[in-house]
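Student: What follows is the file final_33.txt, containing compact mmCIF, C-alpha atoms:
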```txt
# COMPACT_ATOMS: atom_id res chain seq x y z
CA MET A 10 0.00 0.00 0.00
CA ALA A 11 1.32 3.45 -0.93
CA VAL A 12 1.96 6.03 1.73
CA ASN A 13 1.58 9.79 1.77
CA PRO A 14 5.03 11.00 0.65
CA VAL A 15 4.47 14.52 1.96
CA TYR A 16 3.74 13.30 5.45
CA HIS A 17 6.79 11.13 5.97
CA GLN A 18 9.84 13.33 6.08
CA THR A 19 13.47 13.00 7.07
CA ASN A 20 14.67 14.49 10.34
CA ASP A 21 16.44 17.29 8.45
CA ARG A 22 13.19 18.25 6.75
CA LEU A 23 11.40 18.28 10.09
CA GLN A 24 14.07 20.56 11.55
CA GLU A 25 13.83 22.91 8.57
CA GLU A 26 10.09 22.99 9.13
CA LEU A 27 10.60 23.76 12.80
CA VAL A 28 12.81 26.74 11.95
CA ILE A 29 10.05 28.14 9.74
CA ILE A 30 7.53 27.64 12.53
CA GLN A 31 9.74 29.49 15.01
CA GLU A 32 10.13 32.36 12.56
CA ALA A 33 6.40 32.38 11.87
CA LYS A 34 5.71 32.67 15.58
CA GLU A 35 7.56 36.00 15.48
CA ASN A 36 6.31 37.09 12.08
CA PRO A 37 3.12 35.58 10.57
CA GLU A 38 4.30 36.46 7.08
CA ARG A 39 6.91 33.71 7.42
CA PHE A 40 4.14 31.13 7.62
CA GLY A 41 3.78 31.30 3.81
CA PRO A 42 5.99 28.27 2.93
CA LEU A 43 4.08 26.02 5.32
CA TYR A 44 0.78 27.25 3.91
CA GLN A 45 1.86 26.49 0.36
CA LYS A 46 3.23 23.11 1.37
CA TYR A 47 0.19 21.85 3.26
CA HIS A 48 -2.73 23.69 1.69
CA GLU A 49 -3.50 21.03 -0.93
CA GLN A 50 -3.42 18.01 1.38
CA ILE A 51 -5.51 19.74 4.01
CA PHE A 52 -8.00 20.76 1.38
CA ARG A 53 -8.19 17.21 0.00
CA TYR A 54 -8.68 15.84 3.51
CA ILE A 55 -11.63 18.21 4.00
CA TYR A 56 -13.07 17.85 0.53
CA GLN A 57 -12.95 14.07 0.89
CA ARG A 58 -15.53 14.42 3.67
CA MET A 59 -17.92 16.96 2.19
CA ASP A 60 -19.52 17.46 -1.20
CA ASP A 61 -19.42 21.27 -1.34
CA GLU A 62 -16.23 22.46 -3.02
CA HIS A 63 -16.55 26.13 -2.01
CA LEU A 64 -17.31 25.21 1.54
CA ALA A 65 -14.28 22.94 1.54
CA PHE A 66 -12.07 25.86 0.47
CA ASP A 67 -13.59 28.05 3.16
CA VAL A 68 -12.99 25.46 5.84
CA THR A 69 -9.44 24.95 4.60
CA SER A 70 -8.80 28.68 4.83
CA GLN A 71 -10.25 28.70 8.31
CA VAL A 72 -7.93 25.86 9.34
CA PHE A 73 -4.87 27.91 8.41
CA VAL A 74 -6.25 31.03 10.06
CA LYS A 75 -6.69 29.06 13.30
CA ALA A 76 -3.27 27.50 12.92
CA LEU A 77 -1.61 30.88 12.44
CA LYS A 78 -3.53 32.36 15.32
CA ASN A 79 -2.58 29.54 17.69
CA LEU A 80 0.92 28.96 16.38
CA HIS A 81 2.39 30.16 19.69
CA LYS A 82 0.79 27.10 21.32
CA TYR A 83 2.40 24.63 18.93
CA GLU A 84 4.98 22.31 20.46
CA TYR A 85 7.26 20.16 18.36
CA ARG A 86 6.89 16.47 19.26
CA GLY A 87 8.99 14.86 16.54
CA VAL A 88 6.11 14.48 14.10
CA PRO A 89 5.38 16.52 10.97
CA PHE A 90 3.61 19.83 11.36
CA SER A 91 0.79 18.48 9.20
CA SER A 92 -0.43 16.21 12.03
CA TRP A 93 -1.23 19.38 14.02
CA LEU A 94 -2.94 20.85 10.97
CA TYR A 95 -4.99 17.68 10.49
CA ARG A 96 -6.23 17.87 14.06
CA ILE A 97 -7.34 21.46 13.50
CA ALA A 98 -8.92 20.40 10.20
CA LYS A 99 -10.84 17.61 11.91
CA SER A 100 -12.15 20.07 14.50
CA GLU A 101 -13.12 22.66 11.89
CA LEU A 102 -14.72 20.02 9.74
CA TYR A 103 -17.07 18.89 12.49
CA GLN A 104 -17.70 22.53 13.36
CA ALA A 105 -18.73 23.04 9.75
CA PHE A 106 -21.07 20.07 9.94
CA ARG A 107 -22.73 21.62 12.98
CA ASP A 108 -22.79 25.27 11.94
CA ARG A 109 -23.21 25.23 8.20
CA LYS A 110 -25.44 22.20 7.87
CA ALA A 111 -22.81 20.59 5.68
CA ARG A 112 -23.44 16.96 5.03
CA ARG A 113 -20.97 14.27 5.96
CA THR A 114 -19.89 12.64 2.74
CA VAL A 115 -17.77 9.62 1.81
CA ASN A 116 -16.07 9.86 -1.53
CA VAL A 117 -15.03 6.47 -2.83
CA GLU A 118 -13.21 5.48 -5.98
CA SER A 119 -14.07 2.24 -7.75
CA MET A 120 -10.52 1.06 -7.37
CA HIS A 121 -10.72 1.39 -3.61
CA LEU A 122 -14.01 -0.47 -3.51
CA PHE A 123 -12.43 -3.26 -5.55
CA GLU A 124 -9.56 -3.52 -3.08
CA MET A 125 -11.91 -3.64 -0.15
CA VAL A 126 -14.09 -6.35 -1.69
CA GLU A 127 -10.94 -8.33 -2.32
CA GLU A 128 -9.97 -7.81 1.31
CA MET A 129 -13.29 -9.39 2.26
CA GLU A 130 -12.64 -12.28 -0.12
CA GLU A 131 -15.83 -11.66 -2.05
CA ASP A 132 -16.62 -11.50 -5.75
CA ASP A 133 -15.86 -8.25 -7.51
CA SER A 134 -19.41 -7.80 -8.71
CA SER A 135 -21.27 -4.54 -9.10
CA ALA A 136 -23.86 -5.81 -6.63
CA ASN A 137 -21.19 -6.33 -4.00
CA LYS A 138 -19.77 -2.86 -4.67
CA LYS A 139 -23.20 -1.32 -4.27
CA LYS A 140 -23.77 -3.27 -1.08
CA LEU A 141 -20.41 -2.19 0.27
CA LEU A 142 -21.29 1.44 -0.35
CA GLN A 143 -24.50 1.00 1.62
CA CYS A 144 -22.61 -0.67 4.44
CA LEU A 145 -20.13 2.22 4.60
CA SER A 146 -22.95 4.68 5.16
CA LEU A 147 -24.17 2.51 8.06
CA LEU A 148 -20.84 2.53 9.88
CA LYS A 149 -20.28 4.61 12.97
CA ASP A 150 -18.32 7.79 12.33
CA GLY A 151 -15.23 6.59 14.20
CA ASP A 152 -15.05 3.38 12.19
CA LEU A 153 -15.77 5.18 8.93
CA GLN A 154 -12.97 7.63 9.65
CA LEU A 155 -10.47 4.81 10.11
CA ILE A 156 -11.60 3.07 6.91
CA GLU A 157 -11.33 6.33 4.99
CA LEU A 158 -7.88 7.15 6.30
CA ARG A 159 -6.51 3.67 5.71
CA TYR A 160 -8.22 2.33 2.58
CA PHE A 161 -9.37 5.42 0.67
CA GLU A 162 -6.58 7.87 1.48
CA LYS A 163 -3.86 5.26 1.80
CA ARG A 164 -2.32 6.65 4.96
CA SER A 165 0.09 4.72 7.13
CA TYR A 166 -0.90 3.63 10.61
CA ARG A 167 1.65 6.04 11.99
CA GLU A 168 0.01 8.96 10.20
CA ILE A 169 -3.45 7.79 11.25
CA GLY A 170 -2.22 7.62 14.82
CA ASP A 171 -0.82 11.17 14.63
CA ILE A 172 -4.03 12.56 13.17
CA LEU A 173 -6.28 10.79 15.68
CA GLU A 174 -3.83 11.35 18.56
CA ILE A 175 -3.42 7.65 19.26
CA THR A 176 -0.47 5.32 19.00
CA GLU A 177 0.46 3.56 15.76
CA ASN A 178 -0.44 0.15 17.20
CA ASN A 179 -3.74 1.44 18.52
CA ALA A 180 -4.53 2.84 15.08
CA LYS A 181 -3.75 -0.57 13.59
CA VAL A 182 -6.00 -2.41 16.05
CA ARG A 183 -8.87 0.05 15.71
CA THR A 184 -8.70 -0.08 11.92
CA PHE A 185 -8.78 -3.89 11.98
CA ARG A 186 -11.84 -3.83 14.24
CA ALA A 187 -13.56 -1.24 12.04
CA LEU A 188 -12.97 -3.49 9.02
CA GLU A 189 -14.40 -6.46 10.94
CA ARG A 190 -17.55 -4.48 11.69
CA LEU A 191 -17.84 -3.51 8.03
CA LYS A 192 -17.52 -7.17 7.05
CA LYS A 193 -20.27 -8.12 9.49
CA LEU A 194 -22.56 -5.53 7.93
CA PHE A 195 -21.63 -6.77 4.49
CA MET A 196 -22.34 -10.43 5.34
CA LYS A 197 -25.80 -9.74 6.70
CA MET B 8 -25.86 13.23 12.54
CA GLU B 9 -27.96 12.51 9.51
CA LYS B 10 -27.26 9.63 7.19
CA ILE B 11 -23.87 9.70 5.51
CA LYS B 12 -23.83 10.49 1.82
CA THR B 13 -21.66 8.25 -0.37
CA ILE B 14 -20.28 9.43 -3.70
CA LEU B 15 -18.62 7.04 -6.11
CA ASP B 16 -15.88 8.21 -8.43
CA ARG B 17 -16.29 11.94 -8.00
CA LYS B 18 -14.32 13.98 -10.50
CA PRO B 19 -10.99 14.78 -8.85
CA LEU B 20 -9.73 18.35 -8.61
CA SER B 21 -6.35 19.08 -10.10
CA SER B 22 -3.48 20.30 -7.98
CA GLU B 23 -3.20 23.39 -10.17
CA TYR B 24 -6.80 24.28 -9.50
CA ILE B 25 -6.39 23.82 -5.75
CA ARG B 26 -3.19 25.88 -5.82
CA SER B 27 -4.98 28.65 -7.66
CA LYS B 28 -7.35 28.94 -4.74
CA GLN B 29 -4.56 29.64 -2.27
CA ASP B 30 -4.83 33.03 -0.62
CA PHE B 31 -2.21 33.41 2.06
CA ALA B 32 -2.75 37.17 2.42
CA ASN B 33 -6.35 36.52 3.38
CA VAL B 34 -5.22 33.94 5.95
CA VAL B 35 -2.80 36.40 7.57
CA LYS B 36 -5.47 39.08 7.56
CA GLY B 37 -7.93 36.66 9.11
CA ALA B 38 -5.48 35.63 11.81
CA LYS B 39 -4.84 39.28 12.73
CA GLY B 40 -8.55 40.04 12.76
CA LEU B 41 -9.35 37.00 14.83
CA GLY B 42 -8.65 38.61 18.18
CA LYS B 43 -9.46 37.40 21.62
CA PRO B 44 -13.09 37.51 22.68
CA TYR B 45 -13.82 40.82 24.40
CA TRP B 46 -14.26 39.15 27.78
CA GLN B 47 -10.68 37.90 27.61
CA THR B 48 -9.13 41.27 26.85
CA ASN B 49 -7.24 43.40 29.34
CA TRP B 50 -9.41 46.47 28.83
CA PHE B 51 -12.51 44.42 29.66
CA TYR B 52 -10.99 43.15 32.91
CA GLY B 53 -9.81 46.68 33.69
CA THR B 54 -13.20 48.24 33.07
CA VAL B 55 -15.01 45.60 35.07
CA GLY B 56 -12.48 45.92 37.88
CA VAL B 57 -12.75 49.70 38.07
CA ALA B 58 -16.55 49.50 37.98
CA ALA B 59 -16.57 46.91 40.76
CA VAL B 60 -14.27 49.03 42.93
CA ALA B 61 -16.44 52.10 42.30
CA ILE B 62 -19.59 50.19 43.28
CA ILE B 63 -17.97 48.87 46.46
CA VAL B 64 -16.67 52.31 47.44
CA THR B 65 -20.08 53.87 46.78
CA ALA B 66 -21.84 51.18 48.79
CA VAL B 67 -19.45 51.60 51.72
CA THR B 68 -19.78 55.39 51.58
CA LEU B 69 -23.57 55.21 51.54
CA ALA B 70 -23.55 52.71 54.39
CA ASP B 71 -21.38 55.05 56.46
CA SER B 72 -23.61 58.03 55.74
CA ASP B 73 -26.60 56.15 57.19
CA ILE B 74 -24.99 56.22 60.66
CA PRO B 75 -26.45 59.34 62.34
CA GLU B 76 -23.40 60.07 64.50
CA LYS B 77 -21.29 60.63 61.45
CA SER B 78 -23.69 62.82 59.48
CA PRO B 79 -22.46 66.31 58.60
CA LYS B 80 -25.44 67.92 60.35
CA ASN B 81 -24.62 66.27 63.64
CA ASN B 82 -20.97 67.10 63.19
CA ALA B 83 -21.98 70.75 62.91
CA ILE B 84 -23.97 70.50 66.11
CA VAL B 85 -21.09 68.87 67.93
CA ALA B 86 -18.78 71.53 66.62
CA ALA B 87 -21.16 74.21 67.83
CA ALA B 88 -21.29 72.62 71.25
CA GLU B 89 -17.54 72.82 71.47
CA THR B 90 -17.43 76.57 71.00
CA ASP B 91 -15.84 78.63 73.73
CA ASP B 92 -17.64 80.90 76.16
CA SER B 93 -17.09 84.05 74.15
CA THR B 94 -18.71 82.47 71.13
CA LYS B 95 -21.64 81.41 73.25
CA GLU B 96 -22.06 84.92 74.54
CA ASP B 97 -21.93 86.28 71.02
CA VAL B 98 -24.51 83.78 69.90
CA SER B 99 -26.75 84.55 72.85
CA GLN B 100 -26.41 88.24 72.07
CA ASN B 101 -27.23 87.60 68.44
CA ASN B 102 -30.30 85.65 69.46
CA SER B 103 -31.43 88.51 71.63
CA GLU B 104 -30.91 90.94 68.79
CA GLN B 105 -32.80 88.70 66.43
CA LEU B 106 -35.60 88.39 68.89
CA GLU B 107 -35.62 92.15 69.36
CA SER B 108 -35.85 92.81 65.66
CA LEU B 109 -38.57 90.19 65.35
CA VAL B 110 -40.71 91.85 67.99
CA ASN B 111 -40.00 95.31 66.58
CA GLU B 112 -41.56 94.20 63.37
CA GLU B 113 -44.68 93.42 65.30
CA GLY B 114 -44.68 97.00 66.64
CA ASN B 115 -44.50 96.27 70.36
CA SER B 116 -41.41 98.02 71.71
CA ALA B 117 -42.32 97.71 75.40
CA GLU B 118 -42.38 93.95 75.30
CA VAL B 119 -39.08 93.99 73.51
CA GLU B 120 -37.28 95.57 76.44
CA ASN B 121 -38.78 93.10 78.85
CA SER B 122 -37.97 90.11 76.76
CA THR B 123 -34.42 91.35 76.20
CA GLU B 124 -33.86 91.73 79.91
CA GLU B 125 -35.26 88.32 80.55
CA THR B 126 -33.04 86.83 77.89
CA SER B 127 -29.91 88.28 79.44
CA SER B 128 -30.82 87.35 83.00
CA LYS B 129 -32.40 83.87 82.79
CA ASP B 130 -31.17 80.95 80.75
CA ASP B 131 -34.52 79.20 80.73
CA ASN B 132 -36.27 82.22 79.28
CA SER B 133 -33.54 82.53 76.74
CA GLU B 134 -34.20 78.99 75.65
CA GLU B 135 -37.92 79.66 75.30
CA ASN B 136 -37.30 82.86 73.36
CA THR B 137 -34.86 81.11 71.10
CA THR B 138 -37.39 78.42 70.42
CA THR B 139 -39.97 81.03 69.54
CA SER B 140 -37.67 82.78 67.14
CA THR B 141 -36.78 79.46 65.56
CA SER B 142 -40.38 78.61 64.86
CA ASN B 143 -41.04 82.04 63.40
CA ASN B 144 -38.03 82.42 61.19
CA ASP B 145 -36.18 79.72 59.29
CA ASN B 146 -33.10 81.89 59.00
CA THR B 147 -32.53 81.76 62.74
CA GLU B 148 -32.68 77.94 62.88
CA ILE B 149 -28.93 77.48 62.82
CA ALA B 150 -28.37 80.21 65.40
CA ALA B 151 -31.04 78.71 67.63
CA SER B 152 -29.54 75.24 67.48
CA THR B 153 -26.16 76.75 68.24
CA ALA B 154 -27.63 78.57 71.23
CA ARG B 155 -29.23 75.38 72.49
CA SER B 156 -25.93 73.64 72.14
CA ALA B 157 -24.27 76.44 74.07
CA GLU B 158 -26.85 76.17 76.84
CA GLU B 159 -26.37 72.44 77.01
CA THR B 160 -22.67 73.07 77.33
CA GLN B 161 -23.29 75.59 80.11
CA GLU B 162 -25.48 73.12 81.92
CA ALA B 163 -22.79 70.53 81.57
CA GLU B 164 -20.31 72.96 83.04
CA LYS B 165 -22.63 73.62 85.97
CA LYS B 166 -22.69 69.97 86.91
CA PRO B 167 -19.59 70.16 89.17
CA GLU B 168 -21.49 72.65 91.33
CA ILE B 169 -24.22 70.12 91.90
CA GLY B 170 -22.31 67.98 94.30
CA LEU B 171 -22.31 70.41 97.24
CA PRO B 172 -24.94 69.36 99.71
CA ASN B 173 -25.85 71.93 102.36
CA VAL B 174 -28.23 72.59 105.18
CA ALA B 175 -29.75 76.05 105.01
CA GLY B 176 -26.96 77.07 102.64
CA VAL B 177 -24.18 75.95 104.96
CA THR B 178 -21.88 73.37 103.39
CA GLY B 179 -19.56 72.89 106.34
CA GLY B 180 -18.41 74.21 109.68
CA PRO B 181 -20.53 75.87 112.34
CA ILE B 182 -24.24 76.26 111.92
CA ALA B 183 -26.92 77.77 114.11
CA PHE B 184 -29.19 75.20 115.66
CA LYS B 185 -32.30 76.76 114.20
CA ASP B 186 -30.76 76.53 110.76
CA PHE B 187 -29.60 72.99 111.42
CA CYS B 188 -33.15 71.85 111.94
CA ASP B 189 -34.33 73.53 108.77
CA PRO B 190 -37.45 71.71 107.65
CA LEU B 191 -36.16 71.65 104.06
CA GLY B 192 -33.41 69.31 105.20
CA ILE B 193 -30.31 68.75 103.12
CA GLN B 194 -30.40 70.68 99.87
CA VAL B 195 -28.28 70.35 96.77
CA ASN B 196 -28.07 72.94 94.02
CA GLY B 197 -29.16 71.87 90.56
CA GLY B 198 -32.32 69.95 91.35
CA VAL B 199 -30.64 66.96 92.92
CA LEU B 200 -32.85 64.86 95.12
CA ILE B 201 -31.40 62.96 98.08
CA HIS B 202 -33.11 59.68 98.76
CA GLN B 203 -30.95 58.33 101.54
CA TYR B 204 -27.98 59.39 103.60
CA THR B 205 -26.08 58.38 106.71
CA ILE B 206 -25.86 60.66 109.72
CA GLN B 207 -23.18 60.29 112.36
CA TYR B 208 -22.66 62.33 115.50
CA ARG B 209 -21.66 62.04 119.14
CA SER B 210 -24.39 63.20 121.44
CA CYS B 211 -24.06 63.29 125.20
CA ALA B 212 -21.36 60.67 125.45
CA ARG B 213 -22.76 58.27 122.94
CA ASP B 214 -22.01 57.76 119.28
CA ILE B 215 -24.92 57.58 116.96
CA THR B 216 -24.91 56.38 113.36
CA ALA B 217 -28.15 56.13 111.45
CA ARG B 218 -29.30 55.60 107.88
CA ILE B 219 -31.97 58.15 107.03
CA ARG B 220 -34.47 57.99 104.22
CA GLY B 221 -35.26 61.23 102.45
CA ASN B 222 -33.33 64.46 102.75
CA ARG B 223 -34.79 65.79 105.97
CA LEU B 224 -33.32 65.66 109.41
CA PRO B 225 -35.44 63.51 111.73
CA ALA B 226 -37.10 65.34 114.57
CA GLN B 227 -35.63 62.82 116.98
CA VAL B 228 -32.12 63.87 115.98
CA CYS B 229 -32.96 67.55 116.34
CA ASP B 230 -34.45 66.98 119.78
CA GLU B 231 -31.51 64.94 120.93
CA ILE B 232 -28.94 67.54 119.81
CA ARG B 233 -30.95 70.38 121.28
CA ASP B 234 -31.31 68.56 124.60
CA CYS B 235 -27.61 67.88 124.75
CA GLY B 236 -26.93 71.63 124.72
CA SER B 237 -23.29 71.51 123.64
CA PRO B 238 -21.77 71.96 120.18
CA ILE B 239 -22.00 68.70 118.31
CA GLU B 240 -20.27 67.78 115.10
CA VAL B 241 -22.66 66.02 112.73
CA THR B 242 -21.38 64.25 109.66
CA PHE B 243 -23.54 63.51 106.63
CA SER B 244 -22.23 60.82 104.27
CA ASN B 245 -23.08 57.93 101.91
CA PHE B 246 -25.63 59.92 99.98
CA LYS B 247 -27.91 58.19 97.56
CA ALA B 248 -29.07 60.92 95.21
CA GLU B 249 -30.30 61.48 91.67
CA ASP B 250 -30.26 64.47 89.41
CA SER B 251 -33.30 65.83 87.56
CA ASP B 252 -32.76 63.30 84.73
CA GLY B 253 -32.78 60.40 87.16
CA ASN B 254 -29.07 59.75 86.89
CA PRO B 255 -27.31 58.83 90.13
CA VAL B 256 -25.15 61.58 91.58
CA GLN B 257 -22.16 61.24 93.84
CA LEU B 258 -22.22 63.75 96.72
CA LYS B 259 -19.34 64.56 99.02
CA GLU B 260 -19.79 64.04 102.70
CA PHE B 261 -19.80 67.10 104.84
CA SER B 262 -19.81 67.95 108.50
CA LEU B 263 -21.63 70.65 110.44
CA THR B 264 -21.03 71.77 114.00
CA THR B 265 -24.19 72.89 115.71
CA ARG B 266 -24.17 75.97 117.87
CA PRO B 267 -26.75 76.05 120.59
```
Take the structure in the file and give it back as structure tokens.

Tutor:
Amino acid sequence: MAVNPVYHQTNDRLQEELVIIQEAKENPERFGPLYQKYHEQIFRYIYQRMDDEHLAFDVTSQVFVKALKNLHKYEYRGVPFSSWLYRIAKSELYQAFRDRKARRTVNVESMHLFEMVEEMEEDDSSANKKKLLQCLSLLKDGDLQLIELRYFEKRSYREIGDILEITENNAKVRTFRALERLKKLFMK
Amino acid sequence: MEKIKTILDRKPLSSEYIRSKQDFANVVKGAKGLGKPYWQTNWFYGTVGVAAVAIIVTAVTLADSDIPEKSPKNNAIVAAAETDDSTKEDVSQNNSEQLESLVNEEGNSAEVENSTEETSSKDDNSEENTTTSTSNNDNTEIAASTARSAEETQEAEKKPEIGLPNVAGVTGGPIAFKDFCDPLGIQVNGGVLIHQYTIQYRSCARDITARIRGNRLPAQVCDEIRDCGSPIEVTFSNFKAEDSDGNPVQLKEFSLTTRP
């Protein structure tokens, strides 16, 4: 399974990023490189979960406004800066669902559905794909989030753990259990 | 949360398109504009703090002003009571003049002279006249209250004279027998009433000590001293007395020596 190449960085890259963050704490204008670097992936993370493109851009902009405003609270913990941005994005996303009546959406590609049906050792039929889509909409939000992060966005367990503020192993276990629950729904 | 919407194979957005939507200047502007809520700002805490202090100070000030002893009016009265004798005389003179002018307006000059004389000679009349002028003229209210305060002060100064008991005006030493047996008994200036006292004397080779009720000398004592025929020293002590307000008064003992 492919991993997000932007997320996983060498230690030198992380240190370079930290220098920019320290400068941005003093001068917000220095935040520009981080904004350009992470804007697309944060937008895709948000747009993956809602069907309104303009609203997704607005929420993305709001994520960076909040990040810049609270940059003085950021503490480096050896993980990429994007994990902090993802946590803000998750918070803003649910805020958008509450305030703006945005609808929670799951965007799935056929290829991903095919992989998941294979994972369940079932036939790659259109009926099974349709059934799987229905089962996804019946999942609890926590389980759906794990399935999305792992199977639709192809993130590593380490990245999932950083975004959800859990350990890598815990992310692995929770994702496995979420998949088991999806299988149960599928088999019914 | 309502049912989740699933979308299959949505048209992906290109990276160029997403990049074209970047607006870092707007983000910086938004971050600067996104200040603290007003209740977390220093000026809010300062304003609330100052207002709270002002309210507390006002409440304490109002609470203090409700105590009558500390009111400005009473302070003025106390200050007036503390004026010296010359001030009191001036005030009394002013009151007399005010009273004189008041009566002159009524066209009765004969009564004016009488009332002026009475004012200068008797304190009680002065008080009555002052009260009259106060009721007739609001402008003299302050002067009248000052005069009353002065009179109260004078009465207070007279109090030391109260404690001199006497028999027929004699407060000690020799006294004629007829005066000694004065039917008025022991008198005290200032309206003090004696309820009890102790009498002690040596009459015809025997010592007598008796507790007497009232202020008069018992007829038995008078007869005994008269029959003895020689000068006898009589001591009056342990007085139980009250002033006109009903307050207990301490009287000094005194001794009289009767002359036959």

Student: Give me, as a PyMOL selection string, all polymer residues having an atom no more than 10 Å from Glu84 of chain A, counting all atoms listed in the file and skipping those fewer than 4 positions away in the same chain.

Tutor: chain A and resi 27+30+80+90+93

Student: Per residue of chain B within 6 Å of chain A, note the shortest atom pair and the distance in Å to one decimal, counting only C-alpha atoms, and order the rows by chain and increasing residue number, as a tab-separated table.

Tutor:
```
residue	atom	partner	partner_atom	distance
B:Ile11	CA	A:Ser146	CA	5.1
B:Lys12	CA	A:Thr114	CA	4.6
B:Thr13	CA	A:Val115	CA	4.7
B:Ile14	CA	A:Asn116	CA	4.8
B:Leu15	CA	A:Val117	CA	4.9
B:Asp16	CA	A:Glu118	CA	4.5
B:Val34	CA	A:Val74	CA	5.1
B:Gly37	CA	A:Val74	CA	6.0
B:Ala38	CA	A:Val74	CA	5.0
```

Student: Atom CA of Asn36 of chain A and atom CA of Ile51 of chain A are how many Å apart?

Tutor: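 Rounded to one decimal, the two atoms are 22.5 Å apart.
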
Student: Could you give me the centre and size, in Å to one decimal, of an axis-aligned box around all listed atoms of segment 53-63 of chain A with 3 Å added on every side, as lines of an AutoDock Vina configuration file?

Tutor:
```
center_x = -13.9
center_y = 20.1
center_z = 0.5
size_x = 17.3
size_y = 18.1
size_z = 13.0
```

Student: Quick one: distance from atom CA of Gly192 of chain B to atom CA of Ile215 of chain B in Å, one decimal?

Tutor: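 Computing the Euclidean distance for atom CA of Gly192 of chain B and atom CA of Ile215 of chain B yields 18.7 Å.
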